[in-house]
$ cat work.csv   # CSV, C-alpha atoms
chain,number,residue,atom,x,y,z
A,37,MET,CA,0.0,0.0,0.0
A,38,LEU,CA,1.6,3.3,-1.2
A,39,PRO,CA,1.3,6.3,1.1
A,40,PRO,CA,-0.8,9.1,-0.4
A,41,GLU,CA,2.1,11.4,-1.1
A,42,LYS,CA,3.6,8.7,-3.4
A,43,LYS,CA,0.5,8.5,-5.6
A,44,ALA,CA,0.0,10.5,-8.8
A,45,ARG,CA,-3.1,12.7,-8.8
A,46,LEU,CA,-5.1,12.1,-12.0
A,47,ILE,CA,-8.2,13.2,-13.8
A,48,LEU,CA,-9.0,11.0,-16.8
A,49,ASN,CA,-10.9,12.7,-19.6
A,50,THR,CA,-12.1,10.2,-22.1
A,51,ASP,CA,-14.2,10.1,-25.3
A,52,ALA,CA,-15.0,6.6,-24.1
A,53,LYS,CA,-17.3,5.4,-26.8
A,54,ASN,CA,-15.5,6.9,-29.8
A,55,GLU,CA,-13.6,3.7,-30.6
A,56,ALA,CA,-12.5,0.6,-28.7
A,57,ASP,CA,-9.3,1.6,-27.0
A,58,ASP,CA,-10.4,4.1,-24.3
A,59,GLN,CA,-12.0,1.3,-22.5
A,60,TYR,CA,-8.6,-0.4,-21.9
A,61,THR,CA,-7.1,2.8,-20.6
A,62,ILE,CA,-10.0,3.4,-18.2
A,63,VAL,CA,-9.7,-0.1,-16.8
A,64,HIS,CA,-6.0,0.2,-16.5
A,65,ALA,CA,-6.2,3.4,-14.6
A,66,LEU,CA,-8.8,2.0,-12.2
A,67,LEU,CA,-6.4,-1.0,-11.5
A,68,THR,CA,-3.3,1.1,-10.8
A,69,PRO,CA,-2.7,1.6,-7.1
A,70,SER,CA,-0.1,4.3,-7.6
A,71,LEU,CA,-2.9,6.6,-9.0
A,72,ASP,CA,-5.0,8.9,-6.9
A,73,LEU,CA,-7.9,9.1,-9.3
A,74,HIS,CA,-10.0,12.2,-8.7
A,75,GLY,CA,-12.5,11.4,-11.3
A,76,ILE,CA,-13.4,10.3,-14.8
A,77,SER,CA,-14.8,12.9,-17.3
A,78,PRO,CA,-16.7,11.5,-20.2
A,79,ALA,CA,-16.1,13.7,-23.3
A,80,HIS,CA,-17.7,14.4,-26.6
A,81,PHE,CA,-16.2,13.2,-29.8
A,82,GLY,CA,-17.9,15.5,-32.4
A,83,THR,CA,-21.1,14.7,-34.4
A,84,LEU,CA,-19.8,12.6,-37.3
A,85,LYS,CA,-20.1,9.3,-35.5
A,86,SER,CA,-22.9,10.1,-33.2
A,87,LYS,CA,-25.3,13.0,-32.5
A,88,THR,CA,-25.1,12.1,-28.8
A,89,SER,CA,-21.4,11.5,-28.3
A,90,LEU,CA,-21.2,12.9,-24.8
A,91,LYS,CA,-24.0,10.6,-23.6
A,92,ASP,CA,-22.4,7.7,-25.4
A,93,SER,CA,-19.2,8.3,-23.5
A,94,HIS,CA,-21.0,8.7,-20.2
A,95,ASP,CA,-22.9,5.4,-20.7
A,96,GLU,CA,-19.7,3.6,-21.6
A,97,VAL,CA,-17.9,4.8,-18.5
A,98,ALA,CA,-20.9,3.7,-16.4
A,99,ARG,CA,-20.9,0.2,-18.1
A,100,LEU,CA,-17.2,-0.3,-17.3
A,101,LEU,CA,-17.7,0.7,-13.7
A,102,GLN,CA,-20.6,-1.7,-13.4
A,103,LEU,CA,-18.7,-4.6,-14.9
A,104,MET,CA,-15.9,-4.0,-12.3
A,105,ASP,CA,-18.4,-3.5,-9.4
A,106,LEU,CA,-17.3,0.1,-8.9
A,107,THR,CA,-20.6,1.9,-9.5
A,108,GLY,CA,-20.9,4.8,-7.2
A,109,ARG,CA,-17.2,4.6,-6.0
A,110,VAL,CA,-15.7,6.7,-8.7
A,111,ARG,CA,-16.6,10.4,-9.4
A,112,VAL,CA,-17.9,10.8,-12.9
A,113,ALA,CA,-18.1,14.4,-14.1
A,114,ASP,CA,-19.4,14.9,-17.6
A,115,GLY,CA,-17.5,17.2,-19.9
A,116,ALA,CA,-18.9,19.6,-22.5
A,117,GLU,CA,-21.4,18.4,-25.1
A,118,GLY,CA,-19.4,19.9,-28.0
A,119,PRO,CA,-16.4,22.0,-28.9
A,120,LEU,CA,-15.6,25.6,-28.0
A,121,PRO,CA,-17.4,28.1,-30.2
A,122,ASP,CA,-14.1,30.1,-30.4
A,123,GLU,CA,-10.8,30.5,-28.6
A,124,ARG,CA,-12.2,33.0,-26.0
A,125,THR,CA,-15.4,31.3,-24.9
A,126,PRO,CA,-15.5,28.4,-22.5
A,127,VAL,CA,-18.1,25.7,-22.5
A,128,PRO,CA,-18.7,25.2,-18.7
A,129,SER,CA,-19.3,21.6,-17.6
A,130,ALA,CA,-18.9,19.4,-14.5
A,131,GLY,CA,-15.7,18.1,-16.1
A,132,ALA,CA,-14.2,21.6,-16.5
A,133,HIS,CA,-15.2,22.5,-12.9
A,134,LEU,CA,-13.6,19.3,-11.7
A,135,ILE,CA,-10.3,20.3,-13.2
A,136,VAL,CA,-10.5,23.8,-11.6
A,137,GLU,CA,-11.5,22.3,-8.2
A,138,GLU,CA,-8.6,19.8,-8.1
A,139,ALA,CA,-6.0,22.1,-9.6
A,140,MET,CA,-6.7,24.9,-7.0
A,141,LYS,CA,-6.3,22.6,-4.0
A,142,ASP,CA,-3.4,23.0,-1.7
A,143,ASP,CA,-1.5,19.9,-2.7
A,144,PRO,CA,2.2,19.7,-3.4
A,145,ARG,CA,1.8,17.0,-6.0
A,146,PRO,CA,1.2,17.8,-9.6
A,147,LEU,CA,-2.3,17.3,-11.0
A,148,TYR,CA,-2.1,15.1,-14.2
A,149,VAL,CA,-5.1,15.6,-16.5
A,150,ALA,CA,-5.0,12.9,-19.2
A,151,PHE,CA,-7.0,13.7,-22.4
A,152,LEU,CA,-7.8,10.7,-24.6
A,153,GLY,CA,-9.9,12.9,-27.0
A,154,PRO,CA,-10.4,16.6,-27.6
A,155,LEU,CA,-9.0,19.3,-25.2
A,156,THR,CA,-12.3,21.0,-24.8
A,157,ASP,CA,-12.6,20.7,-21.0
A,158,MET,CA,-9.0,21.8,-20.3
A,159,ALA,CA,-9.4,24.8,-22.5
A,160,SER,CA,-12.7,25.7,-20.8
A,161,ALA,CA,-11.1,25.3,-17.4
A,162,LEU,CA,-8.3,27.7,-18.4
A,163,LEU,CA,-10.7,30.2,-19.7
A,164,MET,CA,-13.0,29.9,-16.7
A,165,GLU,CA,-10.1,30.2,-14.2
A,166,PRO,CA,-6.9,31.8,-15.6
A,167,ARG,CA,-5.1,31.2,-12.3
A,168,LEU,CA,-4.6,27.6,-13.5
A,169,ASN,CA,-1.7,29.0,-15.6
A,170,GLN,CA,0.2,29.3,-12.3
A,171,ARG,CA,-0.8,25.9,-10.9
A,172,ASN,CA,1.1,22.6,-11.0
A,173,VAL,CA,-1.0,21.0,-13.8
A,174,VAL,CA,0.4,18.6,-16.3
A,175,VAL,CA,-1.9,18.0,-19.4
A,176,VAL,CA,-1.1,14.7,-21.1
A,177,TRP,CA,-2.7,14.7,-24.5
A,178,ILE,CA,-3.2,11.9,-27.0
A,179,GLY,CA,-3.5,14.0,-30.1
A,180,GLY,CA,-2.0,15.9,-33.0
A,181,GLY,CA,-0.6,14.8,-36.3
A,182,PRO,CA,3.0,13.9,-37.2
A,183,TRP,CA,5.7,16.4,-36.3
A,184,PRO,CA,6.7,18.8,-37.6
A,185,THR,CA,4.1,19.3,-40.3
A,186,GLY,CA,0.9,18.0,-38.8
A,187,GLY,CA,-2.3,17.4,-40.7
A,188,ARG,CA,-5.6,15.8,-40.0
A,189,GLU,CA,-5.8,13.9,-36.7
A,190,TYR,CA,-9.1,12.8,-35.1
A,191,ASN,CA,-8.8,14.1,-31.5
A,192,LEU,CA,-7.5,17.5,-32.7
A,193,SER,CA,-10.3,17.7,-35.3
A,194,ASN,CA,-13.0,17.6,-32.6
A,195,ASP,CA,-11.8,20.9,-31.1
A,196,ILE,CA,-9.0,22.9,-32.8
A,197,ALA,CA,-9.9,26.0,-30.9
A,198,ALA,CA,-9.4,24.2,-27.6
A,199,ALA,CA,-6.0,22.9,-28.6
A,200,ASN,CA,-4.9,26.4,-29.4
A,201,VAL,CA,-6.0,27.7,-26.0
A,202,VAL,CA,-4.1,25.0,-24.3
A,203,MET,CA,-1.0,25.3,-26.4
A,204,ARG,CA,-0.9,29.1,-25.8
A,205,SER,CA,-1.4,28.6,-22.0
A,206,LYS,CA,1.3,28.3,-19.3
A,207,VAL,CA,0.3,24.8,-18.1
A,208,GLN,CA,2.7,22.0,-18.8
A,209,VAL,CA,1.7,19.8,-21.8
A,210,TRP,CA,3.0,16.4,-22.7
A,211,GLN,CA,1.9,15.6,-26.3
A,212,ILE,CA,1.7,12.1,-27.6
A,213,PRO,CA,1.0,12.5,-31.3
A,214,MET,CA,-0.5,10.1,-33.8
A,215,THR,CA,2.8,8.7,-34.9
A,216,VAL,CA,3.4,7.5,-31.3
A,217,TYR,CA,0.0,6.3,-30.2
A,218,ARG,CA,-0.4,4.2,-33.3
A,219,MET,CA,2.6,2.1,-32.1
A,220,MET,CA,0.3,0.5,-29.5
A,221,ALA,CA,-0.8,-2.4,-31.7
A,222,VAL,CA,-1.9,-5.6,-30.1
A,223,GLY,CA,-3.2,-8.8,-31.8
A,224,TYR,CA,-6.5,-10.7,-31.3
A,225,ALA,CA,-4.5,-13.8,-30.3
A,226,GLU,CA,-2.8,-12.1,-27.5
A,227,LEU,CA,-6.1,-10.4,-26.4
A,228,TYR,CA,-7.9,-13.7,-26.3
A,229,GLU,CA,-5.0,-15.3,-24.3
A,230,ARG,CA,-4.4,-12.5,-21.9
A,231,VAL,CA,-7.7,-10.6,-21.5
A,232,TYR,CA,-10.8,-12.5,-22.7
A,233,ASP,CA,-11.0,-15.0,-19.8
A,234,LYS,CA,-10.4,-12.4,-17.1
A,235,GLY,CA,-14.0,-12.1,-15.9
A,236,PRO,CA,-16.9,-10.0,-17.3
A,237,ILE,CA,-14.7,-7.0,-17.8
A,238,GLY,CA,-12.1,-8.9,-19.8
A,239,LYS,CA,-14.7,-10.6,-22.0
A,240,TYR,CA,-16.3,-7.2,-22.7
A,241,LEU,CA,-13.0,-5.5,-23.5
A,242,VAL,CA,-12.2,-8.0,-26.2
A,243,ASP,CA,-15.7,-8.4,-27.6
A,244,GLN,CA,-16.3,-4.7,-28.1
A,245,LEU,CA,-12.9,-4.3,-29.8
A,246,VAL,CA,-13.5,-7.1,-32.3
A,247,GLU,CA,-17.0,-5.8,-32.9
A,248,TRP,CA,-15.7,-2.3,-33.6
A,249,ASN,CA,-13.1,-3.6,-36.0
A,250,LEU,CA,-15.7,-5.6,-37.9
A,251,LYS,CA,-17.8,-2.5,-38.2
A,252,VAL,CA,-15.1,-0.1,-39.4
A,253,HIS,CA,-12.6,-2.1,-41.4
A,254,PRO,CA,-13.4,-3.2,-44.9
A,255,GLY,CA,-10.7,-5.9,-45.1
A,256,PRO,CA,-9.3,-8.7,-43.0
A,257,ILE,CA,-7.8,-7.5,-39.7
A,258,GLU,CA,-6.9,-9.1,-36.4
A,259,HIS,CA,-5.2,-6.3,-34.4
A,260,ARG,CA,-6.0,-3.0,-32.9
A,261,SER,CA,-4.0,0.0,-31.6
A,262,LEU,CA,-4.6,0.6,-27.9
A,263,GLY,CA,-3.6,4.2,-28.7
A,264,ASP,CA,-4.8,5.9,-25.5
A,265,THR,CA,-2.7,3.8,-23.1
A,266,PRO,CA,0.4,5.9,-23.5
A,267,ALA,CA,-1.3,8.6,-21.5
A,268,LEU,CA,-0.8,6.3,-18.5
A,269,SER,CA,2.6,5.0,-19.6
A,270,VAL,CA,4.3,8.4,-19.5
A,271,ILE,CA,3.0,9.0,-15.9
A,272,LEU,CA,3.7,5.5,-14.5
A,273,ASN,CA,7.1,5.0,-16.3
A,274,PRO,CA,8.7,8.4,-17.0
A,275,ASN,CA,11.7,6.7,-18.7
A,276,GLY,CA,9.6,4.5,-20.9
A,277,GLY,CA,9.7,6.6,-24.0
A,278,VAL,CA,11.8,9.1,-26.0
A,279,SER,CA,10.8,12.7,-25.8
A,280,GLU,CA,12.1,16.2,-26.2
A,281,TRP,CA,11.1,19.7,-25.1
A,282,VAL,CA,10.0,21.9,-28.1
A,283,PRO,CA,8.2,25.3,-28.3
A,284,ALA,CA,4.5,24.8,-28.2
A,285,PRO,CA,2.9,25.1,-31.7
A,286,GLU,CA,-0.4,26.5,-32.7
A,287,PHE,CA,-2.8,24.8,-35.1
A,288,SER,CA,-4.2,26.0,-38.5
A,289,PRO,CA,-7.8,25.2,-39.5
A,290,GLN,CA,-6.3,22.4,-41.6
A,291,MET,CA,-4.6,21.1,-38.4
A,292,HIS,CA,-1.1,21.8,-39.6
A,293,TYR,CA,1.4,22.9,-36.9
A,294,ILE,CA,2.3,26.6,-36.8
A,295,HIS,CA,5.7,27.0,-35.2
A,296,THR,CA,5.8,30.5,-34.0
A,297,GLY,CA,8.4,29.9,-31.3
A,298,ALA,CA,6.4,32.3,-29.1
A,299,HIS,CA,5.1,29.8,-26.5
A,300,ARG,CA,6.6,27.9,-23.6
A,301,PRO,CA,8.1,24.4,-24.3
A,302,ILE,CA,6.0,21.3,-24.3
A,303,LYS,CA,7.2,17.7,-23.9
A,304,LEU,CA,6.8,16.0,-27.3
A,305,TYR,CA,7.0,12.1,-27.4
A,306,HIS,CA,8.6,10.4,-30.3
A,307,SER,CA,8.3,6.8,-29.0
A,308,ILE,CA,6.8,4.7,-26.2
A,309,ASP,CA,7.8,1.4,-24.5
A,310,VAL,CA,4.9,-0.5,-25.9
A,311,ARG,CA,5.6,-3.9,-24.3
A,312,TRP,CA,6.1,-2.4,-20.8
A,313,ILE,CA,2.7,-0.7,-20.7
A,314,LEU,CA,0.9,-3.7,-22.2
A,315,GLU,CA,2.4,-6.2,-19.8
A,316,ASP,CA,1.6,-3.9,-16.9
A,317,PHE,CA,-2.1,-3.9,-18.0
A,318,PHE,CA,-2.2,-7.7,-18.6
A,319,ALA,CA,-0.6,-8.4,-15.1
A,320,LYS,CA,-3.0,-6.1,-13.3
A,321,LEU,CA,-6.1,-7.5,-15.0
A,322,ALA,CA,-5.0,-11.1,-14.2
A,323,ARG,CA,-4.5,-10.1,-10.6
A,324,PHE,CA,-7.8,-8.4,-10.5
A,325,ASN,CA,-9.5,-11.5,-11.8
A,326,ARG,CA,-7.9,-13.5,-8.9
A,327,GLY,CA,-9.0,-10.9,-6.4
A,328,GLU,CA,-5.4,-9.8,-5.7
A,329,GLN,CA,-5.0,-6.4,-7.5
A,330,GLU,CA,-5.5,-3.2,-5.6
A,331,PHE,CA,-7.5,-0.4,-7.1
A,332,ALA,CA,-6.5,3.2,-7.6
A,333,SER,CA,-7.4,5.6,-4.8
A,334,PHE,CA,-10.7,7.3,-5.6
A,335,GLY,CA,-10.7,10.7,-4.0
$ encode --input "work.csv" --output "structure tokens"
Amino acid sequence: MLPPEKKARLILNTDAKNEADDQYTIVHALLTPSLDLHGISPAHFGTLKSKTSLKDSHDEVARLLQLMDLTGRVRVADGAEGPLPDERTPVPSAGAHLIVEEAMKDDPRPLYVAFLGPLTDMASALLMEPRLNQRNVVVVWIGGGPWPTGGREYNLSNDIAAANVVMRSKVQVWQIPMTVYRMMAVGYAELYERVYDKGPIGKYLVDQLVEWNLKVHPGPIEHRSLGDTPALSVILNPNGGVSEWVPAPEFSPQMHYIHTGAHRPIKLYHSIDVRWILEDFFAKLARFNRGEQEFASFG
């Protein structure tokens, strides 16, 4: 049992029903005892896939908590229903208020806010409470196209204005772009061997991933990128990747990087230790299925 001061404070912001990989990251976070999980914020993922994307994400988070017998034990604070209207106007939500509430607490530990989708709720929190720029907040973002040019990337596309607000801010940002999160491939055979038989949650994780692939891929496929998991990896294993500090970019409407050199540096990841973070998840899920794995702290 880790003492509280040795646990990483975390808010997990997730477009949980967007694809089939957020679910693995949510479960992984719940099963990580070195995390002090202050809440999960379901997030929107635009309107192309669903007209009710925020509700879809909320319902998916609720389903995962139910399958793990954690209903009512974890704070769930919904984010905004859609993107910012512009770069000056926040979209207040319970998720944005949760960020402000936790960031303004008198706690010497940094507050990690991991975004598995758009940055809407972080941008709203900054616009609602500019004092966050002086707080010890680390934004870990799965998003953005290949460096240094950029281009279309799904998480960024769902709120370009929010990404610009966050990049121009003073809070610390760790960016995990598309070239890195796509490294997280795992095959069906391994999922059936290591996940499927690990209780109702394991079966659900694999079934929904295979179902998603059948729906969206026109040809034969038997793998999936668990592309959101690096958001946990960089917190739990700081040396498990290659990164550098670069001046924060801005984004054009076409999602290309604009390198003005005017903003504070961000940590840009170029690679991730894929096998380490996958094995950590597999081991924790197996221990959970045997009743041996501790949960995160839910505060």
$ closest_residue --input "work.csv" --among "A:Leu100, A:Val173, A:Met291, A:Val127" --to "Gly187 of chain A" --atoms "all atoms listed in the file"
A:Met291
$ residues_around --input "work.csv" --residues "Lys234 of chain A" --least-positions-apart "3" --cutoff "10 Å" --atoms "all atoms listed in the file" --output "PDB file with C-alpha atoms, in the frame of the given file"
ATOM      1  CA  TYR A 228      -7.900 -13.700 -26.300  1.00  0.00           C
ATOM      2  CA  GLU A 229      -5.000 -15.300 -24.300  1.00  0.00           C
ATOM      3  CA  ARG A 230      -4.400 -12.500 -21.900  1.00  0.00           C
ATOM      4  CA  VAL A 231      -7.700 -10.600 -21.500  1.00  0.00           C
ATOM      5  CA  ILE A 237     -14.700  -7.000 -17.800  1.00  0.00           C
ATOM      6  CA  GLY A 238     -12.100  -8.900 -19.800  1.00  0.00           C
ATOM      7  CA  LYS A 239     -14.700 -10.600 -22.000  1.00  0.00           C
ATOM      8  CA  TYR A 240     -16.300  -7.200 -22.700  1.00  0.00           C
ATOM      9  CA  LEU A 241     -13.000  -5.500 -23.500  1.00  0.00           C
ATOM     10  CA  PHE A 318      -2.200  -7.700 -18.600  1.00  0.00           C
ATOM     11  CA  LEU A 321      -6.100  -7.500 -15.000  1.00  0.00           C
ATOM     12  CA  ALA A 322      -5.000 -11.100 -14.200  1.00  0.00           C
ATOM     13  CA  ARG A 323      -4.500 -10.100 -10.600  1.00  0.00           C
ATOM     14  CA  PHE A 324      -7.800  -8.400 -10.500  1.00  0.00           C
ATOM     15  CA  ASN A 325      -9.500 -11.500 -11.800  1.00  0.00           C
ATOM     16  CA  ARG A 326      -7.900 -13.500  -8.900  1.00  0.00           C
TER      17      ARG A 326
END
$ residues_around --input "work.csv" --residues "Val278 of chain A" --least-positions-apart "6" --cutoff "8 Å" --atoms "all atoms listed in the file" --output "list in words"
Tyr305, His306, Ser307 and Ile308 of chain A
$ closest_residue --input "work.csv" --among "A:Asn200, A:Ser261, A:Ser193, A:Thr83" --to "Leu162 of chain A" --atoms "only C-alpha atoms"
A:Asn200
$ closest_residue --input "work.csv" --among "A:Leu304, A:Ser205, A:Leu73, A:Gly255" --to "Arg167 of chain A" --atoms "all atoms listed in the file"
A:Ser205
$ residues_around --input "work.csv" --residues "Val110 of chain A" --least-positions-apart "3" --cutoff "10 Å" --atoms "all atoms listed in the file" --output "VMD selection string"
chain A and resid 66 73 to 76 98 101 106 to 107 113 332 to 335
$ residues_around --input "work.csv" --residues "Ala139 of chain A" --least-positions-apart "5" --cutoff "9 Å" --atoms "all atoms listed in the file" --output "NGL selection string"
:A and (134 or 146-147 or 168 or 171-173)
$ closest_residue --input "work.csv" --among "A:Ser70, A:Ile178, A:Lys320, A:His64" --to "Met37 of chain A" --atoms "all atoms listed in the file"
A:Ser70
$ residues_around --input "work.csv" --residues "Glu226 of chain A" --least-positions-apart "4" --cutoff "12 Å" --atoms "all atoms listed in the file" --output "MDAnalysis selection string"
chainID A and resid 221:222 230:233 242 258:260 314:315 318
$ residues_near_point --input "work.csv" --point "(-7.1, 9.4, -27.4)" --cutoff "8 Å" --atoms "all atoms listed in the file" --output "mmCIF file with C-alpha atoms, in the coordinates of the input"
data_model
loop_
_atom_site.group_PDB
_atom_site.id
_atom_site.type_symbol
_atom_site.label_atom_id
_atom_site.label_comp_id
_atom_site.auth_asym_id
_atom_site.auth_seq_id
_atom_site.Cartn_x
_atom_site.Cartn_y
_atom_site.Cartn_z
ATOM 1 C CA THR A 50 -12.100 10.200 -22.100
ATOM 2 C CA ASP A 51 -14.200 10.100 -25.300
ATOM 3 C CA ASP A 58 -10.400 4.100 -24.300
ATOM 4 C CA PHE A 151 -7.000 13.700 -22.400
ATOM 5 C CA LEU A 152 -7.800 10.700 -24.600
ATOM 6 C CA GLY A 153 -9.900 12.900 -27.000
ATOM 7 C CA PRO A 154 -10.400 16.600 -27.600
ATOM 8 C CA TRP A 177 -2.700 14.700 -24.500
ATOM 9 C CA ILE A 178 -3.200 11.900 -27.000
ATOM 10 C CA GLY A 179 -3.500 14.000 -30.100
ATOM 11 C CA ASN A 191 -8.800 14.100 -31.500
ATOM 12 C CA GLY A 263 -3.600 4.200 -28.700
ATOM 13 C CA ASP A 264 -4.800 5.900 -25.500
#
$ closest_residue --input "work.csv" --among "A:Leu227, A:Ala150, A:Ala161, A:Ala56" --to "Ala130 of chain A" --atoms "only C-alpha atoms"
A:Ala161
$ decode --input "work.csv" --residues "segment 203-237 of chain A" --atoms "C-alpha atoms" --output "JSON list (two decimals), in the first residue's frame"
[["chain", "number", "residue", "atom", "x", "y", "z"],
["A", 203, "MET", "CA", -0.95, 25.31, -26.37],
["A", 204, "ARG", "CA", -0.89, 29.08, -25.77],
["A", 205, "SER", "CA", -1.36, 28.64, -22.03],
["A", 206, "LYS", "CA", 1.31, 28.32, -19.34],
["A", 207, "VAL", "CA", 0.34, 24.85, -18.07],
["A", 208, "GLN", "CA", 2.71, 21.99, -18.75],
["A", 209, "VAL", "CA", 1.74, 19.85, -21.76],
["A", 210, "TRP", "CA", 2.99, 16.39, -22.69],
["A", 211, "GLN", "CA", 1.89, 15.62, -26.25],
["A", 212, "ILE", "CA", 1.67, 12.07, -27.61],
["A", 213, "PRO", "CA", 1.01, 12.53, -31.34],
["A", 214, "MET", "CA", -0.52, 10.12, -33.81],
["A", 215, "THR", "CA", 2.85, 8.68, -34.89],
["A", 216, "VAL", "CA", 3.41, 7.48, -31.30],
["A", 217, "TYR", "CA", -0.04, 6.33, -30.22],
["A", 218, "ARG", "CA", -0.36, 4.20, -33.35],
["A", 219, "MET", "CA", 2.61, 2.14, -32.11],
["A", 220, "MET", "CA", 0.33, 0.48, -29.53],
["A", 221, "ALA", "CA", -0.79, -2.43, -31.72],
["A", 222, "VAL", "CA", -1.95, -5.65, -30.07],
["A", 223, "GLY", "CA", -3.24, -8.77, -31.84],
["A", 224, "TYR", "CA", -6.45, -10.69, -31.32],
["A", 225, "ALA", "CA", -4.55, -13.84, -30.34],
["A", 226, "GLU", "CA", -2.85, -12.05, -27.45],
["A", 227, "LEU", "CA", -6.08, -10.40, -26.36],
["A", 228, "TYR", "CA", -7.89, -13.75, -26.27],
["A", 229, "GLU", "CA", -4.99, -15.30, -24.32],
["A", 230, "ARG", "CA", -4.38, -12.46, -21.88],
["A", 231, "VAL", "CA", -7.69, -10.56, -21.51],
["A", 232, "TYR", "CA", -10.78, -12.49, -22.68],
["A", 233, "ASP", "CA", -10.99, -14.97, -19.79],
["A", 234, "LYS", "CA", -10.42, -12.38, -17.06],
["A", 235, "GLY", "CA", -14.00, -12.10, -15.88],
["A", 236, "PRO", "CA", -16.89, -10.05, -17.31],
["A", 237, "ILE", "CA", -14.70, -6.98, -17.85]]
